[in-house]
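K.L.:
This is structure.tsv, which holds TSV, C-alpha atoms:
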chain	number	residue	atom	x	y	z
A	1049	MET	CA	56.17	47.10	146.81
A	1050	GLY	CA	55.42	49.31	143.80
A	1051	GLY	CA	56.14	50.08	140.18
A	1052	THR	CA	54.08	49.46	137.10
A	1053	GLU	CA	53.57	45.89	135.99
A	1054	HIS	CA	51.36	44.73	133.15
A	1055	SER	CA	48.73	42.05	133.38
A	1056	GLY	CA	50.26	39.82	130.72
A	1057	PRO	CA	50.00	38.91	127.06
A	1058	ASP	CA	46.35	37.89	127.28
A	1059	ALA	CA	45.51	41.56	127.91
A	1060	THR	CA	47.20	42.97	124.82
A	1061	GLY	CA	45.53	44.28	121.70
A	1062	ALA	CA	46.46	43.74	118.06
A	1063	ASP	CA	48.72	46.80	118.15
A	1064	GLY	CA	50.59	45.46	121.17
A	1065	ASP	CA	49.14	47.95	123.65
A	1066	ASP	CA	47.78	46.62	126.94
A	1067	LEU	CA	43.98	46.64	127.01
A	1068	VAL	CA	44.20	46.73	130.80
A	1069	THR	CA	47.16	47.99	132.85
A	1070	TYR	CA	48.15	46.79	136.30
A	1071	ASP	CA	50.08	48.65	138.97
A	1072	LEU	CA	50.68	47.55	142.55
A	1073	GLN	CA	51.15	50.38	145.04
A	1074	GLY	CA	51.67	48.98	148.49
A	1075	ASP	CA	48.56	46.96	149.33
A	1076	VAL	CA	46.48	48.50	146.52
A	1077	ALA	CA	46.20	47.09	142.99
A	1078	ILE	CA	45.43	49.76	140.38
A	1079	ILE	CA	43.69	48.41	137.27
A	1080	GLY	CA	43.39	50.74	134.28
A	1081	LEU	CA	41.16	50.43	131.23
A	1082	ASN	CA	43.51	51.31	128.38
A	1083	ARG	CA	41.59	52.01	125.16
A	1084	PRO	CA	41.40	55.82	125.38
A	1085	ASP	CA	41.02	56.17	121.61
A	1086	LYS	CA	37.77	54.18	121.91
A	1087	ARG	CA	36.69	55.88	125.14
A	1088	ASN	CA	37.64	52.61	126.87
A	1089	ALA	CA	34.78	50.68	125.27
A	1090	ILE	CA	34.53	47.13	126.57
A	1091	SER	CA	35.05	44.20	124.21
A	1092	ASP	CA	35.17	40.51	125.11
A	1093	ARG	CA	38.96	40.68	125.29
A	1094	VAL	CA	38.79	43.68	127.62
A	1095	VAL	CA	36.41	41.76	129.90
A	1096	GLU	CA	38.82	38.83	130.01
A	1097	ALA	CA	41.71	41.19	130.77
A	1098	ILE	CA	39.71	42.78	133.59
A	1099	GLY	CA	39.02	39.32	134.99
A	1100	ALA	CA	42.71	38.37	134.88
A	1101	ALA	CA	43.70	41.62	136.58
A	1102	VAL	CA	41.05	41.23	139.29
A	1103	LEU	CA	42.19	37.69	140.06
A	1104	ARG	CA	45.79	38.86	140.25
A	1105	ALA	CA	44.78	41.71	142.55
A	1106	THR	CA	42.94	39.27	144.79
A	1107	ASP	CA	46.16	37.28	145.18
A	1108	GLU	CA	48.53	40.21	145.63
A	1109	ALA	CA	46.63	43.11	147.18
A	1110	LYS	CA	44.24	43.99	150.00
A	1111	ALA	CA	42.18	46.48	147.95
A	1112	GLY	CA	41.85	47.60	144.34
A	1113	VAL	CA	41.13	50.63	142.17
A	1114	ILE	CA	39.59	50.53	138.70
A	1115	TRP	CA	40.01	53.62	136.51
A	1116	GLY	CA	40.08	54.63	132.85
A	1117	GLU	CA	43.01	56.04	130.88
A	1118	GLY	CA	42.30	59.30	129.02
A	1119	THR	CA	39.33	61.60	129.41
A	1120	HIS	CA	36.63	58.95	129.88
A	1121	PHE	CA	36.14	56.08	132.32
A	1122	CYS	CA	34.23	53.85	129.92
A	1123	ALA	CA	31.71	54.54	127.15
A	1124	GLY	CA	30.25	51.04	127.40
A	1125	LEU	CA	29.96	48.04	125.14
A	1126	ASP	CA	32.00	47.83	121.95
A	1127	LEU	CA	28.95	47.85	119.66
A	1128	GLY	CA	30.99	46.92	116.57
A	1129	GLU	CA	31.88	43.60	118.15
A	1130	HIS	CA	28.43	43.06	119.70
A	1131	SER	CA	26.54	43.52	116.41
A	1132	LYS	CA	28.39	40.56	114.86
A	1133	LYS	CA	27.37	38.03	117.51
A	1134	SER	CA	24.77	35.31	117.18
A	1135	LEU	CA	21.98	35.16	119.76
A	1136	ILE	CA	23.59	32.34	121.72
A	1137	ASP	CA	26.98	34.05	121.66
A	1138	SER	CA	25.36	37.20	123.01
A	1139	VAL	CA	23.85	35.22	125.89
A	1140	LYS	CA	27.18	33.54	126.62
A	1141	GLY	CA	28.99	36.87	126.45
A	1142	SER	CA	26.57	38.46	128.90
A	1143	ARG	CA	26.97	35.59	131.32
A	1144	ARG	CA	30.76	35.96	131.09
A	1145	TRP	CA	30.44	39.65	132.03
A	1146	HIS	CA	28.30	38.57	135.00
A	1147	ARG	CA	30.90	36.10	136.25
A	1148	ILE	CA	33.81	38.52	135.93
A	1149	PHE	CA	32.00	41.49	137.46
A	1150	ASP	CA	30.94	39.19	140.29
A	1151	LEU	CA	34.64	38.60	141.02
A	1152	ILE	CA	34.74	42.30	141.83
A	1153	GLU	CA	31.49	42.69	143.75
A	1154	ARG	CA	31.62	39.46	145.77
A	1155	GLY	CA	35.33	38.78	145.92
A	1156	SER	CA	37.63	39.03	148.91
A	1157	ILE	CA	39.05	42.56	148.52
A	1158	PRO	CA	37.18	45.88	148.19
A	1159	PHE	CA	37.33	47.82	144.91
A	1160	VAL	CA	36.96	51.56	144.37
A	1161	SER	CA	36.24	52.98	140.91
A	1162	ALA	CA	37.56	56.37	139.76
A	1163	LEU	CA	35.15	57.88	137.24
A	1164	GLN	CA	35.60	60.72	134.78
A	1165	GLY	CA	33.92	61.71	131.54
A	1166	ALA	CA	31.64	59.04	130.10
A	1167	VAL	CA	30.31	56.40	132.50
A	1168	VAL	CA	27.90	54.94	130.01
A	1169	GLY	CA	26.15	51.60	129.50
A	1170	GLY	CA	28.57	48.80	130.28
A	1171	GLY	CA	30.91	51.32	131.88
A	1172	PHE	CA	28.21	52.15	134.43
A	1173	GLU	CA	27.63	48.42	134.92
A	1174	LEU	CA	31.34	47.94	135.65
A	1175	ALA	CA	31.36	50.87	138.08
A	1176	ALA	CA	28.25	49.46	139.81
A	1177	SER	CA	30.15	46.24	140.57
A	1178	THR	CA	32.69	48.18	142.65
A	1179	HIS	CA	32.03	48.94	146.29
A	1180	ILE	CA	32.79	52.65	146.30
A	1181	ARG	CA	32.43	55.02	143.34
A	1182	VAL	CA	34.34	58.31	143.12
A	1183	ALA	CA	33.25	60.62	140.29
A	1184	GLU	CA	34.89	63.77	139.02
A	1185	GLU	CA	32.64	66.77	138.50
A	1186	ASN	CA	32.83	66.27	134.72
A	1187	ALA	CA	31.58	62.66	134.84
A	1188	PHE	CA	28.26	61.90	133.18
A	1189	PHE	CA	26.09	58.80	133.38
A	1190	ALA	CA	23.79	57.28	130.77
A	1191	LEU	CA	22.12	54.00	129.78
A	1192	PRO	CA	21.45	54.45	126.05
A	1193	GLU	CA	20.46	50.83	125.45
A	1194	GLY	CA	16.85	51.86	124.83
A	1195	GLN	CA	17.91	54.03	121.91
A	1196	ARG	CA	20.28	51.33	120.57
A	1197	GLY	CA	17.62	48.63	120.38
A	1198	ILE	CA	19.35	46.48	123.00
A	1199	PHE	CA	19.19	45.82	126.75
A	1200	VAL	CA	21.76	45.93	129.53
A	1201	GLY	CA	23.80	42.72	129.70
A	1202	GLY	CA	26.56	43.33	132.24
A	1203	GLY	CA	24.52	43.04	135.42
A	1204	GLY	CA	23.04	46.53	135.37
A	1205	SER	CA	19.44	45.39	135.77
A	1206	VAL	CA	20.44	44.07	139.19
A	1207	ARG	CA	23.32	46.26	140.37
A	1208	ILE	CA	22.35	49.67	138.98
A	1209	ALA	CA	18.66	49.14	139.77
A	1210	ARG	CA	19.56	48.40	143.38
A	1211	LEU	CA	21.77	51.48	143.60
A	1212	ILE	CA	19.35	54.05	142.18
A	1213	GLY	CA	16.03	52.18	141.97
A	1214	SER	CA	14.43	50.40	139.03
A	1215	GLY	CA	12.17	53.38	138.27
A	1216	ARG	CA	15.08	55.75	137.83
A	1217	MET	CA	17.03	53.19	135.85
A	1218	GLY	CA	14.01	52.68	133.61
A	1219	ASP	CA	13.79	56.44	133.11
A	1220	MET	CA	17.42	56.54	131.95
A	1221	MET	CA	16.93	53.64	129.55
A	1222	LEU	CA	13.58	54.76	128.15
A	1223	THR	CA	14.43	58.42	127.60
A	1224	GLY	CA	18.19	58.41	127.13
A	1225	ARG	CA	18.48	60.78	130.08
A	1226	VAL	CA	22.06	61.80	130.92
A	1227	LEU	CA	22.93	62.62	134.53
A	1228	SER	CA	25.77	64.68	135.95
A	1229	ALA	CA	27.99	63.42	138.75
A	1230	GLN	CA	26.13	65.62	141.22
A	1231	GLU	CA	22.75	64.27	140.13
A	1232	MET	CA	24.00	60.69	140.30
A	1233	GLU	CA	25.32	61.31	143.82
A	1234	ARG	CA	21.84	62.45	144.87
A	1235	TRP	CA	20.38	59.32	143.30
A	1236	GLY	CA	22.78	57.11	145.26
A	1237	GLY	CA	24.86	55.84	142.34
A	1238	VAL	CA	28.01	57.74	143.34
A	1239	SER	CA	29.70	57.78	146.73
A	1240	TYR	CA	31.95	60.85	146.33
A	1241	VAL	CA	32.19	63.77	143.89
A	1242	VAL	CA	35.60	65.40	143.54
A	1243	PRO	CA	37.10	68.15	141.36
A	1244	GLU	CA	38.20	67.31	137.82
A	1245	GLY	CA	41.41	65.32	137.83
A	1246	GLY	CA	41.00	64.12	141.42
A	1247	ALA	CA	39.11	60.84	141.17
A	1248	LYS	CA	42.06	58.48	140.88
A	1249	GLU	CA	43.92	60.03	143.80
A	1250	LYS	CA	40.79	59.93	145.99
A	1251	ALA	CA	40.06	56.34	144.94
A	1252	ILE	CA	43.60	55.26	145.89
A	1253	GLU	CA	43.25	57.06	149.22
A	1254	LEU	CA	39.99	55.26	149.98
A	1255	ALA	CA	41.29	51.89	148.80
A	1256	THR	CA	44.39	52.31	150.97
A	1257	GLN	CA	42.12	53.02	153.92
A	1258	THR	CA	39.96	49.94	153.31
A	1259	ALA	CA	43.12	47.82	153.01
A	1260	THR	CA	43.85	48.48	156.69
A	1261	ASN	CA	40.61	46.78	157.80
A	1262	ALA	CA	40.60	43.27	159.17
A	1263	GLU	CA	40.56	40.80	156.28
A	1264	MET	CA	37.62	38.83	157.68
A	1265	THR	CA	35.58	41.99	158.18
A	1266	ASN	CA	36.16	43.12	154.59
A	1267	PHE	CA	35.20	39.66	153.35
A	1268	ALA	CA	31.99	39.76	155.40
A	1269	ILE	CA	31.06	43.23	154.13
A	1270	LEU	CA	31.61	42.23	150.51
A	1271	ASN	CA	29.90	38.87	150.67
A	1272	ALA	CA	27.33	38.98	153.47
A	1273	LEU	CA	25.74	42.38	152.81
A	1274	PRO	CA	24.58	41.69	149.22
A	1275	ARG	CA	23.26	38.27	150.21
A	1276	ILE	CA	21.44	39.61	153.26
A	1277	ARG	CA	19.80	42.16	150.97
A	1278	ASP	CA	18.35	39.25	148.96
A	1279	MET	CA	17.02	37.42	152.04
A	1280	SER	CA	13.90	37.78	154.10
A	1281	SER	CA	14.30	40.02	157.16
A	1282	GLU	CA	14.46	37.07	159.56
A	1283	ASP	CA	16.98	35.14	157.46
A	1284	GLY	CA	19.04	38.29	157.07
A	1285	LEU	CA	19.13	38.91	160.81
A	1286	PHE	CA	20.14	35.30	161.46
A	1287	THR	CA	22.96	35.56	158.91
A	1288	GLU	CA	24.04	38.85	160.48
A	1289	SER	CA	24.37	37.12	163.88
A	1290	LEU	CA	26.55	34.39	162.39
A	1291	MET	CA	28.81	36.87	160.57
A	1292	SER	CA	29.07	39.05	163.69
A	1293	ALA	CA	30.25	36.08	165.71
A	1294	LEU	CA	32.68	34.90	163.02
A	1295	THR	CA	34.35	38.28	162.61
A	1296	THR	CA	34.54	39.00	166.34
A	1297	GLY	CA	36.16	35.63	167.00
A	1298	THR	CA	39.25	36.21	164.85
A	1299	PRO	CA	42.61	36.97	166.51
A	1300	GLU	CA	42.85	40.23	164.57
A	1301	ALA	CA	39.47	41.41	165.87
A	1302	GLU	CA	40.42	40.48	169.42
A	1303	GLU	CA	43.61	42.54	169.17
A	1304	ARG	CA	41.81	45.54	167.64
A	1305	LEU	CA	39.11	45.47	170.33
A	1306	ARG	CA	41.76	45.17	173.04
A	1307	ALA	CA	43.60	48.18	171.57
A	1308	PHE	CA	40.40	50.22	171.71
A	1309	LEU	CA	39.64	49.24	175.29
A	1310	GLU	CA	43.20	50.08	176.29
A	1311	LYS	CA	42.87	53.47	174.56
A	1312	ARG	CA	45.54	52.61	171.99
A	1313	ALA	CA	43.09	53.10	169.09
A	1314	ALA	CA	41.49	56.36	168.02
A	1315	LYS	CA	37.83	57.01	168.80
A	1316	VAL	CA	35.32	57.95	166.13
A	1317	ALA	CA	35.37	61.73	165.74
A	1318	ALA	CA	33.01	64.19	164.09
A	1319	PRO	CA	33.86	65.24	160.51
A	1320	LYS	CA	36.25	68.18	160.34
A	1321	ASP	CA	33.75	70.26	158.34
A	1322	ALA	CA	30.85	69.51	160.71
Let me see whether you can do it: turn the structure in this file into structure tokens.

P.N.:
Amino acid sequence: MGGTEHSGPDATGADGDDLVTYDLQGDVAIIGLNRPDKRNAISDRVVEAIGAAVLRATDEAKAGVIWGEGTHFCAGLDLGEHSKKSLIDSVKGSRRWHRIFDLIERGSIPFVSALQGAVVGGGFELAASTHIRVAEENAFFALPEGQRGIFVGGGGSVRIARLIGSGRMGDMMLTGRVLSAQEMERWGGVSYVVPEGGAKEKAIELATQTATNAEMTNFAILNALPRIRDMSSEDGLFTESLMSALTTGTPEAEERLRAFLEKRAAKVAAPKDA
């Protein structure tokens, strides 16, 4: 399977361009934010297009990549649209972001984000909903909501705070601090840092690798780990036991374990640069 396919008329802008592109490469769905002239700022229609693409990827693929066309991943919320909303519409809009980003974080296939240039505000919130984040050396991270007179609304107070800590997130929001990719990696918000121009390729490589995992294991990682994090230690350990038994009892797990015991599967090896 392969070739570029678009996510449908619901994802098109007034000028006819796709707000979000969709490409299926083997078992990996590649979802692209496509507003480079606006640094891929997220509007309500972009959020809906992301949701449609994620649902399609869940049906067609075993892993996904989210990236941004142009020189920036995503500069955040489309403030022009946001400033025109009533209070209740703002609340409803935020809750819609939560539901759609949750399709990524707690869905059934892993997602890798490829980050370059601006990863700001809502763009950082979107990246935080993915399971692995690959940043180019030129990527920079910011949460300027404090200076804009607003607050995060796309799940950042939960997801970003849990990645880097609420104190560090508060620092970014209060002071407008901008972090480099290397600094964000040290803080735990980025999984890999790669040379400029290499994030998408690395993200596809990682997504392709995750797509080879047992489906039940991927589902457990995506859905059990974040819930266990929210539980007490004892409840978490009990849930871990249940998930361990469920995953081990699948036919695919039995075959993979048999292959290892029969020396048909590779052993874990030290990193090549170790």

K.L.:
Would you list the contacts of stretch 1101-1116 of chain A as a PyMOL selection string, taking every protein, DNA or RNA residue within 9 Å and counting all atoms listed in the file, but skipping same-chain residues closer than 2 positions in sequence?

P.N.:
chain A and resi 1054-1056+1059+1068-1070+1072-1084+1087-1088+1096-1099+1118-1122+1148+1151-1152+1155-1164+1175+1178+1247-1248+1251-1252+1255-1260+1263

K.L.:
Export, as an mmCIF file, in the coordinates of the input, the selected residues with C-alpha atoms.

P.N.:
data_model
loop_
_atom_site.group_PDB
_atom_site.id
_atom_site.type_symbol
_atom_site.label_atom_id
_atom_site.label_comp_id
_atom_site.auth_asym_id
_atom_site.auth_seq_id
_atom_site.Cartn_x
_atom_site.Cartn_y
_atom_site.Cartn_z
ATOM 1 C CA HIS A 1054 51.360 44.730 133.150
ATOM 2 C CA SER A 1055 48.730 42.050 133.380
ATOM 3 C CA GLY A 1056 50.260 39.820 130.720
ATOM 4 C CA ALA A 1059 45.510 41.560 127.910
ATOM 5 C CA VAL A 1068 44.200 46.730 130.800
ATOM 6 C CA THR A 1069 47.160 47.990 132.850
ATOM 7 C CA TYR A 1070 48.150 46.790 136.300
ATOM 8 C CA LEU A 1072 50.680 47.550 142.550
ATOM 9 C CA GLN A 1073 51.150 50.380 145.040
ATOM 10 C CA GLY A 1074 51.670 48.980 148.490
ATOM 11 C CA ASP A 1075 48.560 46.960 149.330
ATOM 12 C CA VAL A 1076 46.480 48.500 146.520
ATOM 13 C CA ALA A 1077 46.200 47.090 142.990
ATOM 14 C CA ILE A 1078 45.430 49.760 140.380
ATOM 15 C CA ILE A 1079 43.690 48.410 137.270
ATOM 16 C CA GLY A 1080 43.390 50.740 134.280
ATOM 17 C CA LEU A 1081 41.160 50.430 131.230
ATOM 18 C CA ASN A 1082 43.510 51.310 128.380
ATOM 19 C CA ARG A 1083 41.590 52.010 125.160
ATOM 20 C CA PRO A 1084 41.400 55.820 125.380
ATOM 21 C CA ARG A 1087 36.690 55.880 125.140
ATOM 22 C CA ASN A 1088 37.640 52.610 126.870
ATOM 23 C CA GLU A 1096 38.820 38.830 130.010
ATOM 24 C CA ALA A 1097 41.710 41.190 130.770
ATOM 25 C CA ILE A 1098 39.710 42.780 133.590
ATOM 26 C CA GLY A 1099 39.020 39.320 134.990
ATOM 27 C CA GLY A 1118 42.300 59.300 129.020
ATOM 28 C CA THR A 1119 39.330 61.600 129.410
ATOM 29 C CA HIS A 1120 36.630 58.950 129.880
ATOM 30 C CA PHE A 1121 36.140 56.080 132.320
ATOM 31 C CA CYS A 1122 34.230 53.850 129.920
ATOM 32 C CA ILE A 1148 33.810 38.520 135.930
ATOM 33 C CA LEU A 1151 34.640 38.600 141.020
ATOM 34 C CA ILE A 1152 34.740 42.300 141.830
ATOM 35 C CA GLY A 1155 35.330 38.780 145.920
ATOM 36 C CA SER A 1156 37.630 39.030 148.910
ATOM 37 C CA ILE A 1157 39.050 42.560 148.520
ATOM 38 C CA PRO A 1158 37.180 45.880 148.190
ATOM 39 C CA PHE A 1159 37.330 47.820 144.910
ATOM 40 C CA VAL A 1160 36.960 51.560 144.370
ATOM 41 C CA SER A 1161 36.240 52.980 140.910
ATOM 42 C CA ALA A 1162 37.560 56.370 139.760
ATOM 43 C CA LEU A 1163 35.150 57.880 137.240
ATOM 44 C CA GLN A 1164 35.600 60.720 134.780
ATOM 45 C CA ALA A 1175 31.360 50.870 138.080
ATOM 46 C CA THR A 1178 32.690 48.180 142.650
ATOM 47 C CA ALA A 1247 39.110 60.840 141.170
ATOM 48 C CA LYS A 1248 42.060 58.480 140.880
ATOM 49 C CA ALA A 1251 40.060 56.340 144.940
ATOM 50 C CA ILE A 1252 43.600 55.260 145.890
ATOM 51 C CA ALA A 1255 41.290 51.890 148.800
ATOM 52 C CA THR A 1256 44.390 52.310 150.970
ATOM 53 C CA GLN A 1257 42.120 53.020 153.920
ATOM 54 C CA THR A 1258 39.960 49.940 153.310
ATOM 55 C CA ALA A 1259 43.120 47.820 153.010
ATOM 56 C CA THR A 1260 43.850 48.480 156.690
ATOM 57 C CA GLU A 1263 40.560 40.800 156.280
#

K.L.:
When you look at A:Phe1188 with a cut-off of 7 Å (counting only C-alpha atoms), what residues show up, excluding the ones that are within fewer than 5 positions of it in the same chain? I need them as number ranges by chain.

P.N.:
A: 1165-1167, 1226-1229

K.L.:
Mind dumping the selected residues with C-alpha atoms as a tab-separated table (two decimals), in the frame of the given file?

P.N.:
chain	number	residue	atom	x	y	z
A	1165	GLY	CA	33.92	61.71	131.54
A	1166	ALA	CA	31.64	59.04	130.10
A	1167	VAL	CA	30.31	56.40	132.50
A	1226	VAL	CA	22.06	61.80	130.92
A	1227	LEU	CA	22.93	62.62	134.53
A	1228	SER	CA	25.77	64.68	135.95
A	1229	ALA	CA	27.99	63.42	138.75

K.L.:
Please measure the separation of atom CA of A:Lys1140 and atom CA of A:Phe1189, giving the value in Å to one decimal.

P.N.:
26.2 Å

K.L.:
Do you have the atom CA of A:Gly1202-atom CA of A:Met1291 distance handy?

P.N.:
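It comes out at 29.1 Å.
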
K.L.:
Report as a list in words all protein, DNA and RNA residues lying within 8 Å of stretch 1231-1243 of chain A, evaluated on all atoms listed in the file, omitting residues in the same chain fewer than 5 positions from it.

P.N.:
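Here the answer would be Ala1176, Ile1180, Arg1181, Val1182, Ala1183, Glu1184, Glu1185, Phe1189, Ile1208, Leu1211, Ile1212 and Lys1250 of chain A.
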
K.L.:
Could those residues be written to a file, using C-alpha atoms, as a tab-separated table (two decimals), in the frame of the given file?

P.N.:
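Once written, selection31.tsv looks like this:
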chain	number	residue	atom	x	y	z
A	1176	ALA	CA	28.25	49.46	139.81
A	1180	ILE	CA	32.79	52.65	146.30
A	1181	ARG	CA	32.43	55.02	143.34
A	1182	VAL	CA	34.34	58.31	143.12
A	1183	ALA	CA	33.25	60.62	140.29
A	1184	GLU	CA	34.89	63.77	139.02
A	1185	GLU	CA	32.64	66.77	138.50
A	1189	PHE	CA	26.09	58.80	133.38
A	1208	ILE	CA	22.35	49.67	138.98
A	1211	LEU	CA	21.77	51.48	143.60
A	1212	ILE	CA	19.35	54.05	142.18
A	1250	LYS	CA	40.79	59.93	145.99

K.L.:
My list of candidates is A:Arg1277, A:Ser1205, A:Gly1169, A:Glu1253. Which is closest to A:Gly1224 when distances are computed with only C-alpha atoms?

P.N.:
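Looking only at the distances to A:Gly1224, the closest residue turns out to be A:Gly1169.
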
K.L.:
Grab the atom CA of A:Met1220 to atom CA of A:Gly1197 distance for me, in Å with one decimal place.

P.N.:
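Atom-to-atom, atom CA of A:Met1220 to atom CA of A:Gly1197, that is 14.0 Å.
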
K.L.:
Could you check the closest approach to A:Arg1144 for each of A:Ser1214, A:Ser1091, A:Gln1195, A:Thr1295 and tell me which residue wins, using only C-alpha atoms?

P.N.:
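Closest to A:Arg1144 of all the choices is A:Ser1091.
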
K.L.:
Which residue, A:Gly1170, A:His1179, A:Val1095, A:Leu1067, has the smallest gap to A:Asn1266 when you use only C-alpha atoms?

P.N.:
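Nearest candidate to A:Asn1266 out of A:Gly1170, A:His1179, A:Val1095, A:Leu1067: A:His1179.
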
K.L.:
So which one's closest to A:Leu1127, A:Gly1284, A:Gly1203, A:Pro1192, A:Gly1213? Using all atoms listed in the file, please.

P.N.:
A:Pro1192
